[in-house]
>>> print(open('structure.pdb').read())   # PDB, C-alpha atoms, pLDDT in the B column
MODEL        1
ATOM      1  CA  MET A   1       0.000   0.000   0.000  1.00 63.00           C
ATOM      2  CA  LYS A   2       1.251   3.463  -0.850  1.00 78.00           C
ATOM      3  CA  TYR A   3       0.882   6.239   1.732  1.00 79.00           C
ATOM      4  CA  SER A   4       0.940   9.977   1.127  1.00 81.00           C
ATOM      5  CA  LYS A   5       3.541  12.182   2.781  1.00 83.00           C
ATOM      6  CA  PHE A   6       0.753  14.674   3.359  1.00 80.00           C
ATOM      7  CA  ASN A   7      -1.989  14.411   5.957  1.00 80.00           C
ATOM      8  CA  HIS A   8      -5.711  14.645   5.230  1.00 80.00           C
ATOM      9  CA  GLU A   9      -5.544  18.450   5.518  1.00 84.00           C
ATOM     10  CA  GLY A  10      -2.732  18.648   2.937  1.00 84.00           C
ATOM     11  CA  TYR A  11       0.123  19.397   5.357  1.00 82.00           C
ATOM     12  CA  TYR A  12       3.472  17.670   4.926  1.00 88.00           C
ATOM     13  CA  ASP A  13       3.656  14.931   7.616  1.00 81.00           C
ATOM     14  CA  PRO A  14       6.833  12.824   7.200  1.00 83.00           C
ATOM     15  CA  THR A  15       6.585  11.241  10.685  1.00 87.00           C
ATOM     16  CA  ALA A  16       3.172   9.688  10.070  1.00 82.00           C
ATOM     17  CA  TYR A  17       4.257   8.666   6.576  1.00 83.00           C
ATOM     18  CA  GLN A  18       7.366   6.879   7.897  1.00 85.00           C
ATOM     19  CA  ALA A  19       5.404   5.194  10.720  1.00 84.00           C
ATOM     20  CA  LEU A  20       2.779   3.846   8.312  1.00 79.00           C
ATOM     21  CA  THR A  21       5.461   2.723   5.852  1.00 80.00           C
ATOM     22  CA  ASN A  22       7.322   0.912   8.665  1.00 78.00           C
ATOM     23  CA  ILE A  23       4.141  -0.866   9.775  1.00 77.00           C
ATOM     24  CA  GLU A  24       3.464  -2.011   6.219  1.00 78.00           C
ATOM     25  CA  GLU A  25       7.041  -3.297   5.881  1.00 74.00           C
ATOM     26  CA  GLU A  26       6.731  -5.269   9.137  1.00 73.00           C
ATOM     27  CA  LYS A  27       3.484  -6.822   7.904  1.00 72.00           C
ATOM     28  CA  ARG A  28       5.203  -7.811   4.663  1.00 69.00           C
ATOM     29  CA  LYS A  29       8.100  -9.392   6.558  1.00 65.00           C
ATOM     30  CA  ALA A  30       5.685 -11.298   8.798  1.00 66.00           C
ATOM     31  CA  ARG A  31       4.050 -12.827   5.706  1.00 74.00           C
ATOM     32  CA  PHE A  32       7.381 -13.906   4.190  1.00 82.00           C
ATOM     33  CA  ARG A  33       8.511 -17.462   4.897  1.00 91.00           C
ATOM     34  CA  PRO A  34      11.713 -18.694   3.255  1.00 95.00           C
ATOM     35  CA  ILE A  35      11.769 -22.176   1.745  1.00 97.00           C
ATOM     36  CA  VAL A  36      14.089 -24.567   3.589  1.00 98.00           C
ATOM     37  CA  TYR A  37      15.378 -27.774   2.007  1.00 98.00           C
ATOM     38  CA  VAL A  38      15.138 -30.615   4.544  1.00 98.00           C
ATOM     39  CA  CYS A  39      18.102 -32.979   4.225  1.00 97.00           C
ATOM     40  CA  SER A  40      17.804 -36.200   6.249  1.00 96.00           C
ATOM     41  CA  PRO A  41      18.229 -39.958   5.757  1.00 93.00           C
ATOM     42  CA  TYR A  42      15.622 -41.893   3.790  1.00 90.00           C
ATOM     43  CA  ALA A  43      17.150 -45.256   2.820  1.00 84.00           C
ATOM     44  CA  GLY A  44      17.461 -48.067   5.336  1.00 84.00           C
ATOM     45  CA  ASP A  45      14.648 -47.939   7.887  1.00 90.00           C
ATOM     46  CA  THR A  46      12.312 -45.977   5.591  1.00 90.00           C
ATOM     47  CA  GLU A  47       9.383 -46.156   8.022  1.00 93.00           C
ATOM     48  CA  LYS A  48      11.387 -44.588  10.863  1.00 94.00           C
ATOM     49  CA  ASN A  49      13.139 -42.129   8.539  1.00 94.00           C
ATOM     50  CA  THR A  50       9.818 -41.028   7.018  1.00 94.00           C
ATOM     51  CA  ALA A  51       8.391 -40.394  10.499  1.00 96.00           C
ATOM     52  CA  ASN A  52      11.521 -38.399  11.364  1.00 97.00           C
ATOM     53  CA  VAL A  53      11.369 -36.213   8.248  1.00 97.00           C
ATOM     54  CA  ARG A  54       7.724 -35.420   9.003  1.00 97.00           C
ATOM     55  CA  ARG A  55       8.818 -34.263  12.457  1.00 98.00           C
ATOM     56  CA  TYR A  56      11.656 -32.228  10.946  1.00 98.00           C
ATOM     57  CA  CYS A  57       9.221 -30.550   8.533  1.00 98.00           C
ATOM     58  CA  ARG A  58       6.964 -29.603  11.452  1.00 97.00           C
ATOM     59  CA  PHE A  59      10.019 -28.102  13.168  1.00 97.00           C
ATOM     60  CA  VAL A  60      10.804 -26.022  10.067  1.00 97.00           C
ATOM     61  CA  VAL A  61       7.218 -24.726   9.993  1.00 96.00           C
ATOM     62  CA  ASP A  62       7.382 -23.884  13.708  1.00 94.00           C
ATOM     63  CA  LYS A  63      10.552 -21.880  13.001  1.00 95.00           C
ATOM     64  CA  GLY A  64       8.716 -19.730  10.438  1.00 91.00           C
ATOM     65  CA  SER A  65       9.845 -21.343   7.194  1.00 95.00           C
ATOM     66  CA  ILE A  66       8.375 -23.544   4.464  1.00 97.00           C
ATOM     67  CA  PRO A  67       9.847 -27.068   4.451  1.00 98.00           C
ATOM     68  CA  LEU A  68      10.722 -28.843   1.219  1.00 98.00           C
ATOM     69  CA  ALA A  69      11.450 -32.557   1.700  1.00 97.00           C
ATOM     70  CA  PRO A  70      11.493 -34.351  -1.664  1.00 96.00           C
ATOM     71  CA  HIS A  71      12.178 -37.680   0.050  1.00 93.00           C
ATOM     72  CA  LEU A  72       8.633 -37.528   1.420  1.00 93.00           C
ATOM     73  CA  PHE A  73       7.185 -36.901  -2.037  1.00 94.00           C
ATOM     74  CA  PHE A  74       9.214 -38.784  -4.661  1.00 95.00           C
ATOM     75  CA  PRO A  75       8.970 -42.270  -3.064  1.00 92.00           C
ATOM     76  CA  GLN A  76       5.206 -42.025  -3.614  1.00 92.00           C
ATOM     77  CA  PHE A  77       5.757 -42.733  -7.303  1.00 95.00           C
ATOM     78  CA  MET A  78       9.455 -43.561  -7.713  1.00 94.00           C
ATOM     79  CA  ASP A  79      11.470 -46.605  -6.591  1.00 92.00           C
ATOM     80  CA  ASP A  80      14.488 -45.655  -4.483  1.00 87.00           C
ATOM     81  CA  LYS A  81      15.950 -49.136  -5.030  1.00 88.00           C
ATOM     82  CA  ASN A  82      15.988 -48.661  -8.832  1.00 93.00           C
ATOM     83  CA  GLY A  83      19.333 -47.027  -9.687  1.00 91.00           C
ATOM     84  CA  GLN A  84      18.020 -45.012 -12.641  1.00 96.00           C
ATOM     85  CA  GLU A  85      15.031 -43.710 -10.679  1.00 94.00           C
ATOM     86  CA  ARG A  86      17.201 -42.862  -7.681  1.00 92.00           C
ATOM     87  CA  GLU A  87      19.581 -40.930  -9.949  1.00 94.00           C
ATOM     88  CA  LEU A  88      16.633 -39.062 -11.487  1.00 96.00           C
ATOM     89  CA  ALA A  89      15.241 -38.309  -8.021  1.00 94.00           C
ATOM     90  CA  MET A  90      18.623 -36.919  -6.923  1.00 94.00           C
ATOM     91  CA  PHE A  91      18.704 -34.718 -10.032  1.00 96.00           C
ATOM     92  CA  MET A  92      15.224 -33.409  -9.191  1.00 96.00           C
ATOM     93  CA  ASN A  93      16.280 -32.895  -5.557  1.00 96.00           C
ATOM     94  CA  MET A  94      19.101 -30.624  -6.704  1.00 96.00           C
ATOM     95  CA  ALA A  95      16.743 -28.680  -8.975  1.00 96.00           C
ATOM     96  CA  LEU A  96      14.337 -28.128  -6.087  1.00 97.00           C
ATOM     97  CA  MET A  97      17.159 -27.220  -3.724  1.00 96.00           C
ATOM     98  CA  SER A  98      18.095 -24.353  -6.062  1.00 95.00           C
ATOM     99  CA  LYS A  99      14.785 -22.705  -5.120  1.00 95.00           C
ATOM    100  CA  CYS A 100      15.507 -22.825  -1.380  1.00 97.00           C
ATOM    101  CA  ALA A 101      16.981 -20.141   0.850  1.00 96.00           C
ATOM    102  CA  GLU A 102      18.744 -22.627   3.149  1.00 97.00           C
ATOM    103  CA  VAL A 103      19.483 -26.321   3.618  1.00 98.00           C
ATOM    104  CA  TRP A 104      18.878 -27.841   7.052  1.00 98.00           C
ATOM    105  CA  VAL A 105      20.604 -31.163   7.706  1.00 98.00           C
ATOM    106  CA  PHE A 106      19.085 -33.414  10.380  1.00 97.00           C
ATOM    107  CA  GLY A 107      20.603 -36.350  12.216  1.00 93.00           C
ATOM    108  CA  GLU A 108      24.005 -37.612  13.236  1.00 89.00           C
ATOM    109  CA  HIS A 109      24.408 -39.906  10.215  1.00 89.00           C
ATOM    110  CA  VAL A 110      25.042 -38.368   6.786  1.00 93.00           C
ATOM    111  CA  SER A 111      24.099 -40.794   4.019  1.00 92.00           C
ATOM    112  CA  ARG A 112      25.702 -40.822   0.567  1.00 91.00           C
ATOM    113  CA  GLY A 113      22.686 -38.994  -0.897  1.00 92.00           C
ATOM    114  CA  MET A 114      22.750 -36.407   1.884  1.00 95.00           C
ATOM    115  CA  ALA A 115      26.477 -35.852   1.326  1.00 96.00           C
ATOM    116  CA  ALA A 116      25.780 -35.116  -2.357  1.00 96.00           C
ATOM    117  CA  GLU A 117      23.023 -32.654  -1.374  1.00 97.00           C
ATOM    118  CA  ILE A 118      25.283 -30.908   1.163  1.00 97.00           C
ATOM    119  CA  ARG A 119      28.119 -30.705  -1.385  1.00 97.00           C
ATOM    120  CA  ASN A 120      25.718 -29.201  -3.948  1.00 96.00           C
ATOM    121  CA  ALA A 121      24.425 -26.648  -1.434  1.00 96.00           C
ATOM    122  CA  GLU A 122      27.958 -25.598  -0.501  1.00 96.00           C
ATOM    123  CA  GLU A 123      28.991 -25.319  -4.160  1.00 95.00           C
ATOM    124  CA  LYS A 124      25.989 -23.055  -4.771  1.00 94.00           C
ATOM    125  CA  GLN A 125      26.903 -21.080  -1.617  1.00 94.00           C
ATOM    126  CA  ARG A 126      23.591 -21.903  -0.027  1.00 95.00           C
ATOM    127  CA  PRO A 127      23.600 -21.650   3.807  1.00 97.00           C
ATOM    128  CA  VAL A 128      23.700 -25.101   5.451  1.00 97.00           C
ATOM    129  CA  ARG A 129      22.606 -25.569   9.059  1.00 97.00           C
ATOM    130  CA  TYR A 130      22.990 -28.775  11.061  1.00 97.00           C
ATOM    131  CA  PHE A 131      20.554 -30.215  13.633  1.00 97.00           C
ATOM    132  CA  THR A 132      20.413 -33.303  15.809  1.00 97.00           C
ATOM    133  CA  THR A 133      17.590 -35.819  15.479  1.00 95.00           C
ATOM    134  CA  GLU A 134      15.990 -33.902  18.367  1.00 97.00           C
ATOM    135  CA  CYS A 135      16.046 -30.687  16.296  1.00 96.00           C
ATOM    136  CA  GLU A 136      18.729 -28.977  18.364  1.00 96.00           C
ATOM    137  CA  GLU A 137      21.066 -26.878  16.244  1.00 96.00           C
ATOM    138  CA  ILE A 138      24.710 -27.912  16.122  1.00 93.00           C
ATOM    139  CA  HIS A 139      27.055 -24.928  15.974  1.00 83.00           C
TER     140      HIS A 139
ENDMDL
END
>>> encode(input="structure.pdb", output="structure tokens")
Amino acid sequence: MKYSKFNHEGYYDPTAYQALTNIEEEKRKARFRPIVYVCSPYAGDTEKNTANVRRYCRFVVDKGSIPLAPHLFFPQFMDDKNGQERELAMFMNMALMSKCAEVWVFGEHVSRGMAAEIRNAEEKQRPVRYFTTECEEIH
């Protein structure tokens, strides 16, 4: 919304103008939620790992961001055990990661796929943050 620098009587009123502009900017910031790429294990105990990534996504939402976890979505229609499909999924993961503001890595174990995602994020100079399985940030 655009505000006038003049009040309703036509007098120049820069203080009110700046206050209203600041309020509008704060509202805009409050509506903005960056997209965060969720990097966590999938292979192995897929049932446990799927439950964990759901919990990690909830954590991302609670922290004011939008989670993106392709390993929750792609296994719905792709076979992680098929080498060609896994390679295609990893390619698509990297494409999606390019749209994210940050990459958040969860868990103490970094799988081969996660290592490739972290390497890609670092090459693209995307911020990478690390968390435990209990969602505590590791500094």
>>> resolve_selection(input="structure.pdb", expression="the PyMOL selection byres ((chain A and resi 41-54) around 9)", output="ChimeraX atom specification")
/A:38-40,55-59,69,71-72,80-81,106-107,109-111,113-114,133
>>> closest_residue(input="structure.pdb", among="A:Lys99, A:Lys27, A:Met78, A:Phe73", to="Lys124 of chain A", atoms="only C-alpha atoms")
A:Lys99
>>> resolve_selection(input="structure.pdb", expression="the PyMOL selection byres ((chain A and resi 67) around 6)", output="mmCIF file with C-alpha atoms, keeping the file's coordinate frame")
data_model
loop_
_atom_site.group_PDB
_atom_site.id
_atom_site.type_symbol
_atom_site.label_atom_id
_atom_site.label_comp_id
_atom_site.auth_asym_id
_atom_site.auth_seq_id
_atom_site.Cartn_x
_atom_site.Cartn_y
_atom_site.Cartn_z
ATOM 1 C CA ILE A 35 11.769 -22.176 1.745
ATOM 2 C CA VAL A 36 14.089 -24.567 3.589
ATOM 3 C CA CYS A 57 9.221 -30.550 8.533
ATOM 4 C CA VAL A 60 10.804 -26.022 10.067
ATOM 5 C CA ILE A 66 8.375 -23.544 4.464
ATOM 6 C CA LEU A 68 10.722 -28.843 1.219
#
>>> residues_around(input="structure.pdb", residues="segment 121-123 of chain A", least_positions_apart="6", cutoff="10 Å", atoms="only C-alpha atoms", output="MDAnalysis selection string")
chainID A and resid 37 94 97:98 100 102:103 115
>>> closest_residue(input="structure.pdb", among="A:Arg112, A:His139, A:Arg86, A:Lys2", to="Glu24 of chain A", atoms="only C-alpha atoms")
A:Lys2
>>> residues_around(input="structure.pdb", residues="Tyr130 of chain A", least_positions_apart="4", cutoff="6 Å", atoms="all atoms listed in the file", output="VMD selection string")
chain A and resid 104 to 105 137 to 138
>>> write_last_selection(input="structure.pdb", atoms="C-alpha atoms", output="PDB file, in the coordinates of the input")
ATOM      1  CA  TRP A 104      18.878 -27.841   7.052  1.00 98.00           C
ATOM      2  CA  VAL A 105      20.604 -31.163   7.706  1.00 98.00           C
ATOM      3  CA  GLU A 137      21.066 -26.878  16.244  1.00 96.00           C
ATOM      4  CA  ILE A 138      24.710 -27.912  16.122  1.00 93.00           C
TER       5      ILE A 138
END
>>> closest_residue(input="structure.pdb", among="A:Asp79, A:Glu25, A:Glu85, A:Glu108", to="Cys135 of chain A", atoms="all atoms listed in the file")
A:Glu108
>>> atom_distance(input="structure.pdb", atom1="atom CA of Arg119 of chain A", atom2="atom CA of Phe77 of chain A")
26.1 Å
>>> closest_residue(input="structure.pdb", among="A:Arg33, A:Ser4, A:Pro14, A:Glu117", to="Lys63 of chain A", atoms="only C-alpha atoms")
A:Arg33
